[in-house]
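Structure data (PDB, C-alpha atoms) from final.pdb:
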```pdb
MODEL        1
ATOM      1  CA  MET A 146      -7.735  12.644  27.209
ATOM      2  CA  VAL A 147      -9.357   9.317  26.353
ATOM      3  CA  PHE A 148      -7.129   7.120  24.185
ATOM      4  CA  VAL A 149      -9.001   4.639  22.006
ATOM      5  CA  PRO A 150      -6.823   1.704  20.860
ATOM      6  CA  SER A 151      -7.656  -0.606  17.998
ATOM      7  CA  LEU A 152      -9.855  -3.632  18.548
ATOM      8  CA  ILE A 153      -6.930  -5.497  16.964
ATOM      9  CA  ASN A 154      -3.991  -6.122  19.357
ATOM     10  CA  PRO A 155      -4.006  -5.136  23.041
ATOM     11  CA  PRO A 156      -3.391  -1.502  24.093
ATOM     12  CA  VAL A 157      -0.020  -2.411  25.649
ATOM     13  CA  VAL A 158       1.947  -0.655  22.878
ATOM     14  CA  LEU A 159       0.714   2.691  24.226
ATOM     15  CA  ASP A 160       2.344   1.873  27.579
ATOM     16  CA  LEU A 161       5.055  -0.481  26.363
ATOM     17  CA  SER A 162       7.637   0.074  29.103
ATOM     18  CA  ARG A 163       8.568   2.585  31.774
ATOM     19  CA  GLY A 164      11.051   4.235  29.432
ATOM     20  CA  ASN A 165       8.886   4.068  26.315
ATOM     21  CA  SER A 166       5.295   4.907  27.167
ATOM     22  CA  LEU A 167       3.118   7.470  25.431
ATOM     23  CA  MET A 168       0.612   7.259  28.308
ATOM     24  CA  ARG A 169       3.178   7.903  31.056
ATOM     25  CA  TRP A 170       4.761  10.742  29.078
ATOM     26  CA  MET A 171       1.385  12.404  28.509
ATOM     27  CA  ALA A 172       0.637  12.221  32.234
ATOM     28  CA  ARG A 173       3.847  14.152  32.899
ATOM     29  CA  GLN A 174       2.653  16.864  30.508
ATOM     30  CA  GLY A 175      -0.292  17.657  32.742
ATOM     31  CA  VAL A 176      -2.756  15.546  30.748
ATOM     32  CA  ARG A 177      -4.990  12.986  32.433
ATOM     33  CA  PRO A 178      -4.767  10.038  30.012
ATOM     34  CA  LEU A 179      -7.460   7.369  30.153
ATOM     35  CA  LEU A 180      -6.814   4.242  28.098
ATOM     36  CA  VAL A 181      -9.715   2.126  26.841
ATOM     37  CA  ASP A 182      -9.356  -1.645  27.186
ATOM     38  CA  TRP A 183     -11.885  -3.566  25.099
ATOM     39  CA  GLY A 184     -11.567  -6.717  27.192
ATOM     40  CA  THR A 185     -11.849 -10.259  25.862
ATOM     41  CA  PRO A 186     -14.970 -11.192  23.881
ATOM     42  CA  THR A 187     -16.615 -14.597  24.094
ATOM     43  CA  PRO A 188     -18.658 -16.479  21.491
ATOM     44  CA  GLN A 189     -21.779 -15.055  23.166
ATOM     45  CA  ASP A 190     -20.643 -11.621  21.926
ATOM     46  CA  ARG A 191     -20.540 -12.804  18.309
ATOM     47  CA  ASN A 192     -23.023 -10.191  17.002
ATOM     48  CA  GLN A 193     -21.255  -7.182  18.489
ATOM     49  CA  ASP A 194     -19.812  -5.432  15.460
ATOM     50  CA  VAL A 195     -17.544  -2.362  15.340
ATOM     51  CA  ALA A 196     -20.558  -0.037  15.464
ATOM     52  CA  ALA A 197     -21.888  -1.785  18.580
ATOM     53  CA  HIS A 198     -18.521  -1.371  20.326
ATOM     54  CA  ILE A 199     -18.902   2.371  19.727
ATOM     55  CA  GLU A 200     -22.607   2.737  20.463
ATOM     56  CA  ASP A 201     -22.885   0.355  23.431
ATOM     57  CA  MET A 202     -19.462   0.685  25.054
ATOM     58  CA  LEU A 203     -17.425   3.733  24.011
ATOM     59  CA  VAL A 204     -20.135   6.423  23.831
ATOM     60  CA  PRO A 205     -21.735   5.540  27.222
ATOM     61  CA  MET A 206     -18.281   5.622  28.814
ATOM     62  CA  LEU A 207     -17.559   9.071  27.342
ATOM     63  CA  ARG A 208     -20.908  10.393  28.546
ATOM     64  CA  ALA A 209     -20.147   9.175  32.073
ATOM     65  CA  LEU A 210     -17.148  11.524  32.356
ATOM     66  CA  ASN A 211     -17.484  14.864  34.120
ATOM     67  CA  GLN A 212     -16.888  16.817  30.923
ATOM     68  CA  PRO A 213     -16.359  16.088  27.226
ATOM     69  CA  PRO A 214     -12.830  14.702  26.785
ATOM     70  CA  ALA A 215     -10.297  15.000  24.023
ATOM     71  CA  LEU A 216     -10.573  11.745  22.112
ATOM     72  CA  VAL A 217      -7.436  10.199  20.570
ATOM     73  CA  GLY A 218      -7.548   6.985  18.553
ATOM     74  CA  TYR A 219      -4.818   4.739  17.153
ATOM     75  CA  CYS A 220      -5.274   2.533  14.063
ATOM     76  CA  LEU A 221      -8.874   1.244  13.931
ATOM     77  CA  GLY A 222      -9.307   3.031  17.255
ATOM     78  CA  GLY A 223      -8.952   6.295  15.342
ATOM     79  CA  THR A 224     -11.729   5.217  12.991
ATOM     80  CA  MET A 225     -13.878   4.445  16.011
ATOM     81  CA  ALA A 226     -12.963   7.688  17.789
ATOM     82  CA  THR A 227     -13.969   9.725  14.730
ATOM     83  CA  ALA A 228     -17.321   7.949  14.593
ATOM     84  CA  ALA A 229     -17.905   8.338  18.348
ATOM     85  CA  ALA A 230     -17.216  12.066  18.130
ATOM     86  CA  CYS A 231     -20.171  12.312  15.742
ATOM     87  CA  LEU A 232     -22.481  10.753  18.346
ATOM     88  CA  THR A 233     -21.564  12.543  21.573
ATOM     89  CA  PRO A 234     -19.861  15.842  22.475
ATOM     90  CA  VAL A 235     -16.064  15.762  22.754
ATOM     91  CA  ALA A 236     -13.515  18.560  23.089
ATOM     92  CA  GLY A 237     -11.701  17.354  19.969
ATOM     93  CA  VAL A 238     -10.685  14.208  18.136
ATOM     94  CA  ALA A 239      -7.233  13.103  16.947
ATOM     95  CA  SER A 240      -6.588  10.026  14.844
ATOM     96  CA  ILE A 241      -3.207   8.326  14.552
ATOM     97  CA  ALA A 242      -2.549   5.990  11.601
ATOM     98  CA  ALA A 243      -6.291   5.428  11.287
ATOM     99  CA  PRO A 244      -8.055   4.194   8.134
ATOM    100  CA  TRP A 245     -11.271   5.755   6.839
ATOM    101  CA  HIS A 246     -11.113   5.519   3.030
ATOM    102  CA  PHE A 247     -10.611   1.771   2.838
ATOM    103  CA  ASP A 248     -10.373   1.731  -0.937
ATOM    104  CA  GLY A 249      -6.970   3.317  -0.328
ATOM    105  CA  TYR A 250      -5.635  -0.195   0.308
ATOM    106  CA  GLY A 251      -5.679  -0.685  -3.459
ATOM    107  CA  ASP A 252      -4.247  -3.989  -4.661
ATOM    108  CA  ALA A 253      -4.047  -5.351  -1.108
ATOM    109  CA  LEU A 254      -7.847  -5.595  -0.970
ATOM    110  CA  GLY A 255      -7.868  -8.723  -3.142
ATOM    111  CA  PRO A 256      -5.687 -10.895  -0.880
ATOM    112  CA  MET A 257      -7.483  -9.673   2.247
ATOM    113  CA  SER A 258     -10.872 -10.502   0.716
ATOM    114  CA  GLU A 259      -9.587 -13.964  -0.234
ATOM    115  CA  LEU A 260      -8.307 -14.488   3.322
ATOM    116  CA  TRP A 261     -11.747 -13.657   4.722
ATOM    117  CA  ASP A 262     -13.442 -15.997   2.259
ATOM    118  CA  GLN A 263     -11.148 -18.809   3.413
ATOM    119  CA  SER A 264     -11.668 -18.055   7.112
ATOM    120  CA  PHE A 265     -15.366 -17.183   7.117
ATOM    121  CA  GLU A 266     -16.859 -20.589   7.959
ATOM    122  CA  VAL A 267     -14.432 -21.287  10.805
ATOM    123  CA  CYS A 268     -14.901 -17.803  12.279
ATOM    124  CA  ASP A 269     -18.673 -18.122  11.950
ATOM    125  CA  ALA A 270     -18.592 -21.445  13.819
ATOM    126  CA  LEU A 271     -16.348 -20.003  16.557
ATOM    127  CA  GLY A 272     -18.271 -16.759  16.881
ATOM    128  CA  LEU A 273     -14.843 -15.099  16.955
ATOM    129  CA  VAL A 274     -12.055 -14.064  14.573
ATOM    130  CA  PRO A 275      -8.769 -15.414  16.011
ATOM    131  CA  MET A 276      -5.722 -13.178  16.040
ATOM    132  CA  GLU A 277      -3.993 -15.635  13.687
ATOM    133  CA  VAL A 278      -6.429 -14.700  10.909
ATOM    134  CA  LEU A 279      -5.738 -10.992  11.383
ATOM    135  CA  GLN A 280      -1.990 -11.499  11.566
ATOM    136  CA  ALA A 281      -2.040 -13.463   8.317
ATOM    137  CA  GLY A 282      -3.722 -10.462   6.712
ATOM    138  CA  PHE A 283      -1.065  -8.084   8.037
ATOM    139  CA  TRP A 284       1.748 -10.320   6.772
ATOM    140  CA  GLN A 285       0.255 -10.300   3.287
ATOM    141  CA  LEU A 286       0.491  -6.506   3.160
ATOM    142  CA  ASP A 287       4.289  -6.684   3.026
ATOM    143  CA  PRO A 288       5.653 -10.245   3.231
ATOM    144  CA  ARG A 289       9.207  -9.209   2.362
ATOM    145  CA  ARG A 290       9.382  -6.796   5.286
ATOM    146  CA  THR A 291       8.014  -9.486   7.609
ATOM    147  CA  ILE A 292      10.809 -11.867   6.624
ATOM    148  CA  ALA A 293      13.450  -9.137   6.722
ATOM    149  CA  LYS A 294      12.653  -8.088  10.287
ATOM    150  CA  TYR A 295      13.182 -11.648  11.574
ATOM    151  CA  GLU A 296      16.424 -11.933   9.617
ATOM    152  CA  ARG A 297      17.572  -8.721  11.274
ATOM    153  CA  PHE A 298      16.553 -10.038  14.698
ATOM    154  CA  ALA A 299      18.704 -13.136  14.139
ATOM    155  CA  ARG A 300      21.743 -10.871  13.811
ATOM    156  CA  LEU A 301      21.119  -9.040  17.087
ATOM    157  CA  LYS A 302      23.131  -9.848  20.181
ATOM    158  CA  PRO A 303      20.996 -12.043  22.481
ATOM    159  CA  GLY A 304      19.880 -10.130  25.557
ATOM    160  CA  SER A 305      20.744  -6.734  24.102
ATOM    161  CA  ALA A 306      18.399  -3.795  24.633
ATOM    162  CA  GLU A 307      17.507  -3.867  20.951
ATOM    163  CA  ALA A 308      16.721  -7.583  21.060
ATOM    164  CA  ARG A 309      14.549  -7.169  24.168
ATOM    165  CA  SER A 310      12.688  -4.311  22.522
ATOM    166  CA  PHE A 311      12.059  -6.445  19.431
ATOM    167  CA  VAL A 312      10.680  -9.303  21.545
ATOM    168  CA  ALA A 313       8.420  -6.937  23.505
ATOM    169  CA  LEU A 314       6.957  -5.538  20.293
ATOM    170  CA  GLU A 315       6.474  -8.969  18.756
ATOM    171  CA  ASP A 316       4.800 -10.222  21.924
ATOM    172  CA  TRP A 317       2.394  -7.296  21.628
ATOM    173  CA  ALA A 318       1.811  -7.741  17.899
ATOM    174  CA  ASN A 319       1.075 -11.461  18.178
ATOM    175  CA  ALA A 320      -0.968 -11.343  21.355
ATOM    176  CA  GLY A 321      -4.367  -9.931  22.017
ATOM    177  CA  ALA A 322      -7.947 -11.036  22.174
ATOM    178  CA  PRO A 323      -9.843 -12.217  19.101
ATOM    179  CA  LEU A 324     -12.406 -10.033  17.384
ATOM    180  CA  THR A 325     -16.055 -10.849  17.680
ATOM    181  CA  PHE A 326     -17.409 -12.427  14.514
ATOM    182  CA  GLY A 327     -19.616  -9.365  14.012
ATOM    183  CA  ALA A 328     -16.639  -6.990  14.197
ATOM    184  CA  GLY A 329     -14.634  -9.134  11.781
ATOM    185  CA  ARG A 330     -17.513  -9.376   9.339
ATOM    186  CA  GLN A 331     -18.083  -5.614   9.427
ATOM    187  CA  LEU A 332     -14.371  -4.909   9.039
ATOM    188  CA  PHE A 333     -13.915  -7.204   6.040
ATOM    189  CA  ASP A 334     -17.314  -6.902   4.335
ATOM    190  CA  GLU A 335     -18.494  -3.369   5.067
ATOM    191  CA  PHE A 336     -15.191  -1.535   5.454
ATOM    192  CA  LEU A 337     -12.543  -3.263   3.334
ATOM    193  CA  SER A 338     -14.858  -4.590   0.608
ATOM    194  CA  ALA A 339     -17.647  -1.986   0.467
ATOM    195  CA  ASP A 340     -15.774   1.027   1.961
ATOM    196  CA  LEU A 341     -18.910   2.323   3.673
ATOM    197  CA  PRO A 342     -16.960   4.886   5.754
ATOM    198  CA  GLY A 343     -15.042   6.273   2.776
ATOM    199  CA  ARG A 344     -18.219   6.496   0.684
ATOM    200  CA  GLY A 345     -20.085   8.326   3.448
ATOM    201  CA  LYS A 346     -22.481   5.394   3.921
ATOM    202  CA  TRP A 347     -21.584   4.255   7.441
ATOM    203  CA  GLN A 348     -24.318   4.809  10.002
ATOM    204  CA  ILE A 349     -24.497   3.997  13.703
ATOM    205  CA  GLY A 350     -27.929   3.849  15.312
ATOM    206  CA  GLY A 351     -29.397   5.363  12.162
ATOM    207  CA  LYS A 352     -27.081   8.388  12.328
ATOM    208  CA  PRO A 353     -24.406   8.994   9.655
ATOM    209  CA  VAL A 354     -20.858   9.251  10.969
ATOM    210  CA  GLY A 355     -17.781  10.671   9.304
ATOM    211  CA  PRO A 356     -15.361  13.605   9.313
ATOM    212  CA  GLU A 357     -17.914  15.799   7.569
ATOM    213  CA  HIS A 358     -20.265  15.405  10.547
ATOM    214  CA  LEU A 359     -17.775  16.501  13.226
ATOM    215  CA  ASP A 360     -18.467  19.739  15.091
ATOM    216  CA  CYS A 361     -15.224  19.782  17.079
ATOM    217  CA  PRO A 362     -11.526  20.404  16.296
ATOM    218  CA  SER A 363      -9.866  17.426  14.631
ATOM    219  CA  ILE A 364      -6.410  16.366  13.486
ATOM    220  CA  GLY A 365      -5.007  13.322  11.738
ATOM    221  CA  PHE A 366      -1.462  12.036  12.233
ATOM    222  CA  VAL A 367      -0.673  10.197   9.004
ATOM    223  CA  SER A 368       2.333   7.998   8.241
ATOM    224  CA  LEU A 369       3.619   8.356   4.684
ATOM    225  CA  THR A 370       5.489   5.032   4.934
ATOM    226  CA  ASP A 371       2.806   2.927   6.662
ATOM    227  CA  ARG A 372       2.039  -0.438   5.023
ATOM    228  CA  ILE A 373      -0.604  -1.480   7.563
ATOM    229  CA  VAL A 374      -2.641   1.723   7.186
ATOM    230  CA  PRO A 375      -1.504   3.461   3.983
ATOM    231  CA  ALA A 376      -1.687   7.250   3.835
ATOM    232  CA  ALA A 377      -4.293   6.947   1.075
ATOM    233  CA  THR A 378      -6.780   5.559   3.609
ATOM    234  CA  ALA A 379      -6.592   8.532   5.992
ATOM    235  CA  ALA A 380      -9.684  10.543   6.862
ATOM    236  CA  ARG A 381      -9.844  14.170   5.774
ATOM    237  CA  LEU A 382      -9.912  15.817   9.177
ATOM    238  CA  GLY A 383      -9.593  19.496  10.041
ATOM    239  CA  ASP A 384      -5.793  19.383  10.216
ATOM    240  CA  ARG A 385      -3.204  16.866   9.068
ATOM    241  CA  HIS A 386       0.270  16.090  10.376
ATOM    242  CA  ASP A 387       2.410  13.876   8.113
ATOM    243  CA  LEU A 388       5.168  11.637   9.476
ATOM    244  CA  ASN A 389       7.864   9.550   7.787
ATOM    245  CA  MET A 390       7.564   6.740  10.306
ATOM    246  CA  GLY A 391       6.020   3.290  10.263
ATOM    247  CA  HIS A 392       2.752   2.213  11.827
ATOM    248  CA  VAL A 393       4.304   1.049  15.103
ATOM    249  CA  GLY A 394       7.404   3.249  15.014
ATOM    250  CA  MET A 395       5.296   6.379  15.249
ATOM    251  CA  ILE A 396       4.164   5.196  18.706
ATOM    252  CA  VAL A 397       7.289   3.585  20.183
ATOM    253  CA  GLY A 398      10.152   4.274  17.742
ATOM    254  CA  GLY A 399      13.255   6.317  18.499
ATOM    255  CA  ARG A 400      11.770   9.398  16.796
ATOM    256  CA  ALA A 401       8.255   8.969  18.188
ATOM    257  CA  ARG A 402       8.594  11.615  20.874
ATOM    258  CA  PRO A 403       9.596  14.589  18.668
ATOM    259  CA  GLN A 404       7.485  13.539  15.686
ATOM    260  CA  LEU A 405       4.243  12.370  17.353
ATOM    261  CA  TRP A 406       4.151  12.668  21.144
ATOM    262  CA  GLU A 407       5.154  16.342  21.267
ATOM    263  CA  PRO A 408       2.897  17.522  18.386
ATOM    264  CA  LEU A 409      -0.012  15.626  19.956
ATOM    265  CA  ALA A 410       0.654  17.218  23.354
ATOM    266  CA  HIS A 411       0.841  20.640  21.685
ATOM    267  CA  TRP A 412      -2.539  20.034  20.014
ATOM    268  CA  LEU A 413      -4.058  18.995  23.345
ATOM    269  CA  ARG A 414      -2.703  22.152  24.997
ATOM    270  CA  MET A 415      -4.285  24.235  22.241
ATOM    271  CA  LEU A 416      -7.612  22.512  22.930
ATOM    272  CA  ARG A 417      -7.248  23.291  26.613
ATOM    273  CA  ARG A 418      -6.771  26.982  25.882
ATOM    274  CA  THR A 419      -9.783  27.171  23.587
ATOM    275  CA  ARG A 420     -12.178  24.590  25.002
ATOM    276  CA  GLY A 421     -11.170  24.074  28.639
ATOM    277  CA  PRO A 422      -9.134  21.247  30.252
ATOM    278  CA  ALA A 423      -8.762  18.116  28.103
ATOM    279  CA  ARG A 424      -9.336  15.182  30.439
TER     280      ARG A 424
ENDMDL
END
```

Show this structure as structure tokens.
Amino acid sequence: MVFVPSLINPPVVLDLSRGNSLMRWMARQGVRPLLVDWGTPTPQDRNQDVAAHIEDMLVPMLRALNQPPALVGYCLGGTMATAAACLTPVAGVASIAAPWHFDGYGDALGPMSELWDQSFEVCDALGLVPMEVLQAGFWQLDPRRTIAKYERFARLKPGSAEARSFVALEDWANAGAPLTFGAGRQLFDEFLSADLPGRGKWQIGGKPVGPEHLDCPSIGFVSLTDRIVPAATAARLGDRHDLNMGHVGMIVGGRARPQLWEPLAHWLRMLRRTRGPAR
């Protein structure tokens, strides 16, 4: 299994701690999990957009493996995994809280477009999109919830397990490398504004990509309560598994194992029976 994280935020959340790690748990289920790390871009990488990350980095890596892997993507990583599966053979593709129909953001598109307009010149000059710009966009999706979670944290006992868990998650959410300017521009202009993927207009290397072009088993794990990636944005894959958990909770929350980890492992075992070992 190759796990594709989002370009936004580091992949640490998938291996958050010894007692709360999707990667470690999958390894104990007889799966060989490989986790992609996108590294840290520099201004010299400014023109590398989302498509280039797939075409120049992800697809060559997949082709270097001994056999086609099961490809699992989280958040924008699920968008990228779906596209990559259209370009090179894989055993199957699973997306978790991944957007495809970006017009499903609805009224939130206006504030995000305004944020990009305000940040464009600075990002262009830097050749990068700092994490602070992306975080500001996330906060605008649900500002009340952002304030409420810090109010709740203030009531926690210092040093408690719950407080430490909160800090670990916030460290993850507010850390991470910047996006290249090209990836930010494609995300805001071609995905969020123009919805090229949702309209079936996204191409990589001249080849159209999208769920309708997949020739492998596919499944989407969709949160019905997600504010970061609303259910309305989900791709129409071969199968769909709905969850009543938040965007991060479905990976590391108290109910993550029965609601996501175990169904994902079951799907991978089904692939193994029908297509050979998922590596």

Can you list, as a short mmCIF file (atom, residue, chain, number, x, y, z; two decimals) with C-alpha atoms, in the frame of the given file, the residues that the PyMOL selection byres ((chain A and resi 146-161) around 6) selects here?
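That gives us out_32.cif:
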```
data_model
loop_
_atom_site.label_atom_id
_atom_site.label_comp_id
_atom_site.auth_asym_id
_atom_site.auth_seq_id
_atom_site.Cartn_x
_atom_site.Cartn_y
_atom_site.Cartn_z
CA SER A 162 7.64 0.07 29.10
CA ASN A 165 8.89 4.07 26.32
CA SER A 166 5.30 4.91 27.17
CA LEU A 167 3.12 7.47 25.43
CA MET A 168 0.61 7.26 28.31
CA ARG A 177 -4.99 12.99 32.43
CA PRO A 178 -4.77 10.04 30.01
CA LEU A 179 -7.46 7.37 30.15
CA LEU A 180 -6.81 4.24 28.10
CA VAL A 181 -9.72 2.13 26.84
CA PRO A 214 -12.83 14.70 26.78
CA ALA A 215 -10.30 15.00 24.02
CA LEU A 216 -10.57 11.74 22.11
CA VAL A 217 -7.44 10.20 20.57
CA GLY A 218 -7.55 6.98 18.55
CA TYR A 219 -4.82 4.74 17.15
CA CYS A 220 -5.27 2.53 14.06
CA LEU A 221 -8.87 1.24 13.93
CA GLY A 222 -9.31 3.03 17.26
CA GLY A 321 -4.37 -9.93 22.02
CA ALA A 423 -8.76 18.12 28.10
CA ARG A 424 -9.34 15.18 30.44
#
```

Practice prompt. Evaluate the PyMOL selection byres ((chain A and resi 310-318) around 12) and record the selected residues as a PyMOL selection string, following the chain and residue labels used in the document.
Written response: chain A and resi 151+153-162+164-165+276-277+279-281+283-284+291+294-295+297-299+301-309+319-322+392-394+396-399

Listing only residues of stretch 152-218 of chain A within 12 Å of stretch 351-354 of chain A, what is the closest atom pair and its distance in Å (to one decimal) for each, using all atoms listed in the file, sorted by chain and residue number ascending, as JSON lines?
```
{"residue": "A:Ala196", "atom": "CA", "partner": "A:Val354", "partner_atom": "CA", "distance": 10.3}
{"residue": "A:Ile199", "atom": "CA", "partner": "A:Val354", "partner_atom": "CA", "distance": 11.3}
{"residue": "A:Glu200", "atom": "CA", "partner": "A:Lys352", "partner_atom": "CA", "distance": 10.9}
```

Taking C-alpha atoms for each residue, export the selection above as a PDB file, keeping the file's coordinate frame.
```pdb
ATOM      1  CA  ALA A 196     -20.558  -0.037  15.464  1.00  0.00           C
ATOM      2  CA  ILE A 199     -18.902   2.371  19.727  1.00  0.00           C
ATOM      3  CA  GLU A 200     -22.607   2.737  20.463  1.00  0.00           C
TER       4      GLU A 200
END
```

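If you look at atom CA of A:Leu405 and atom CA of A:Gln212, they are 25.5 Å away from each other.
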
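If you measure from each of A:Leu369, A:Leu337, A:Ile292, A:Leu359 to A:Asp252 using only C-alpha atoms, the closest one turns out to be A:Leu337.
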
Worksheet item: Care to translate the PyMOL selection byres ((chain A and resi 325-336) around 10) into actual residues of this file, as a ChimeraX atom specification?
Response: /A:152-153,185-198,221,244-248,254,257-258,260-262,265,268-275,278-279,322-324,337-344,346-347

Can you patch up stretch 380-388 of chain A, filling it in to all heavy atoms, and show the result as a PDB file, in the frame of the given file?
```pdb
ATOM      1  N   ALA A 380      -8.519   9.663   6.897  1.00  0.00           N
ATOM      2  CA  ALA A 380      -9.684  10.543   6.862  1.00  0.00           C
ATOM      3  C   ALA A 380      -9.243  11.979   6.595  1.00  0.00           C
ATOM      4  O   ALA A 380      -8.113  12.371   6.918  1.00  0.00           O
ATOM      5  CB  ALA A 380     -10.438  10.470   8.191  1.00  0.00           C
ATOM      6  N   ARG A 381     -10.116  12.753   6.021  1.00  0.00           N
ATOM      7  CA  ARG A 381      -9.844  14.170   5.774  1.00  0.00           C
ATOM      8  C   ARG A 381     -10.376  14.977   6.954  1.00  0.00           C
ATOM      9  O   ARG A 381     -11.495  15.478   6.931  1.00  0.00           O
ATOM     10  CB  ARG A 381     -10.477  14.589   4.448  1.00  0.00           C
ATOM     11  CG  ARG A 381      -9.916  13.810   3.264  1.00  0.00           C
ATOM     12  CD  ARG A 381     -10.598  14.169   1.952  1.00  0.00           C
ATOM     13  NE  ARG A 381     -10.044  13.383   0.856  1.00  0.00           N
ATOM     14  CZ  ARG A 381     -10.537  12.222   0.460  1.00  0.00           C
ATOM     15  NH1 ARG A 381     -11.603  11.721   1.052  1.00  0.00           N
ATOM     16  NH2 ARG A 381      -9.991  11.553  -0.539  1.00  0.00           N
ATOM     17  N   LEU A 382      -9.533  15.100   7.967  1.00  0.00           N
ATOM     18  CA  LEU A 382      -9.912  15.817   9.177  1.00  0.00           C
ATOM     19  C   LEU A 382      -9.533  17.294   9.049  1.00  0.00           C
ATOM     20  O   LEU A 382      -9.000  17.729   8.039  1.00  0.00           O
ATOM     21  CB  LEU A 382      -9.239  15.170  10.387  1.00  0.00           C
ATOM     22  CG  LEU A 382      -9.651  13.706  10.643  1.00  0.00           C
ATOM     23  CD1 LEU A 382      -8.867  13.135  11.817  1.00  0.00           C
ATOM     24  CD2 LEU A 382     -11.147  13.603  10.912  1.00  0.00           C
ATOM     25  N   GLY A 383      -9.806  18.058  10.121  1.00  0.00           N
ATOM     26  CA  GLY A 383      -9.593  19.496  10.041  1.00  0.00           C
ATOM     27  C   GLY A 383      -8.148  19.879   9.816  1.00  0.00           C
ATOM     28  O   GLY A 383      -7.851  20.861   9.144  1.00  0.00           O
ATOM     29  N   ASP A 384      -7.218  19.129  10.377  1.00  0.00           N
ATOM     30  CA  ASP A 384      -5.793  19.383  10.216  1.00  0.00           C
ATOM     31  C   ASP A 384      -5.110  18.051   9.953  1.00  0.00           C
ATOM     32  O   ASP A 384      -5.660  16.988  10.246  1.00  0.00           O
ATOM     33  CB  ASP A 384      -5.228  20.045  11.468  1.00  0.00           C
ATOM     34  CG  ASP A 384      -3.861  20.669  11.248  1.00  0.00           C
ATOM     35  OD1 ASP A 384      -3.403  20.693  10.091  1.00  0.00           O
ATOM     36  OD2 ASP A 384      -3.256  21.123  12.228  1.00  0.00           O
ATOM     37  N   ARG A 385      -3.931  18.096   9.379  1.00  0.00           N
ATOM     38  CA  ARG A 385      -3.204  16.866   9.068  1.00  0.00           C
ATOM     39  C   ARG A 385      -1.733  17.067   9.369  1.00  0.00           C
ATOM     40  O   ARG A 385      -1.137  18.090   9.024  1.00  0.00           O
ATOM     41  CB  ARG A 385      -3.404  16.480   7.602  1.00  0.00           C
ATOM     42  CG  ARG A 385      -2.540  15.300   7.150  1.00  0.00           C
ATOM     43  CD  ARG A 385      -2.999  14.740   5.833  1.00  0.00           C
ATOM     44  NE  ARG A 385      -1.976  13.912   5.209  1.00  0.00           N
ATOM     45  CZ  ARG A 385      -2.210  12.973   4.296  1.00  0.00           C
ATOM     46  NH1 ARG A 385      -3.461  12.757   3.892  1.00  0.00           N
ATOM     47  NH2 ARG A 385      -1.236  12.276   3.774  1.00  0.00           N
ATOM     48  N   HIS A 386      -1.136  16.060  10.004  1.00  0.00           N
ATOM     49  CA  HIS A 386       0.270  16.090  10.376  1.00  0.00           C
ATOM     50  C   HIS A 386       0.924  14.847   9.801  1.00  0.00           C
ATOM     51  O   HIS A 386       0.650  13.733  10.233  1.00  0.00           O
ATOM     52  CB  HIS A 386       0.396  16.111  11.910  1.00  0.00           C
ATOM     53  CG  HIS A 386       1.767  16.398  12.415  1.00  0.00           C
ATOM     54  ND1 HIS A 386       2.203  17.666  12.746  1.00  0.00           N
ATOM     55  CD2 HIS A 386       2.812  15.576  12.646  1.00  0.00           C
ATOM     56  CE1 HIS A 386       3.448  17.605  13.162  1.00  0.00           C
ATOM     57  NE2 HIS A 386       3.850  16.346  13.120  1.00  0.00           N
ATOM     58  N   ASP A 387       1.768  15.006   8.781  1.00  0.00           N
ATOM     59  CA  ASP A 387       2.410  13.876   8.113  1.00  0.00           C
ATOM     60  C   ASP A 387       3.711  13.479   8.805  1.00  0.00           C
ATOM     61  O   ASP A 387       4.479  14.334   9.255  1.00  0.00           O
ATOM     62  CB  ASP A 387       2.716  14.217   6.653  1.00  0.00           C
ATOM     63  CG  ASP A 387       1.463  14.307   5.796  1.00  0.00           C
ATOM     64  OD1 ASP A 387       0.427  13.764   6.215  1.00  0.00           O
ATOM     65  OD2 ASP A 387       1.518  14.914   4.714  1.00  0.00           O
ATOM     66  N   LEU A 388       3.956  12.166   8.871  1.00  0.00           N
ATOM     67  CA  LEU A 388       5.168  11.637   9.476  1.00  0.00           C
ATOM     68  C   LEU A 388       5.807  10.620   8.536  1.00  0.00           C
ATOM     69  O   LEU A 388       5.108   9.871   7.858  1.00  0.00           O
ATOM     70  CB  LEU A 388       4.867  10.941  10.810  1.00  0.00           C
ATOM     71  CG  LEU A 388       4.221  11.753  11.933  1.00  0.00           C
ATOM     72  CD1 LEU A 388       2.715  11.690  11.847  1.00  0.00           C
ATOM     73  CD2 LEU A 388       4.687  11.212  13.280  1.00  0.00           C
TER      74      LEU A 388
END
```
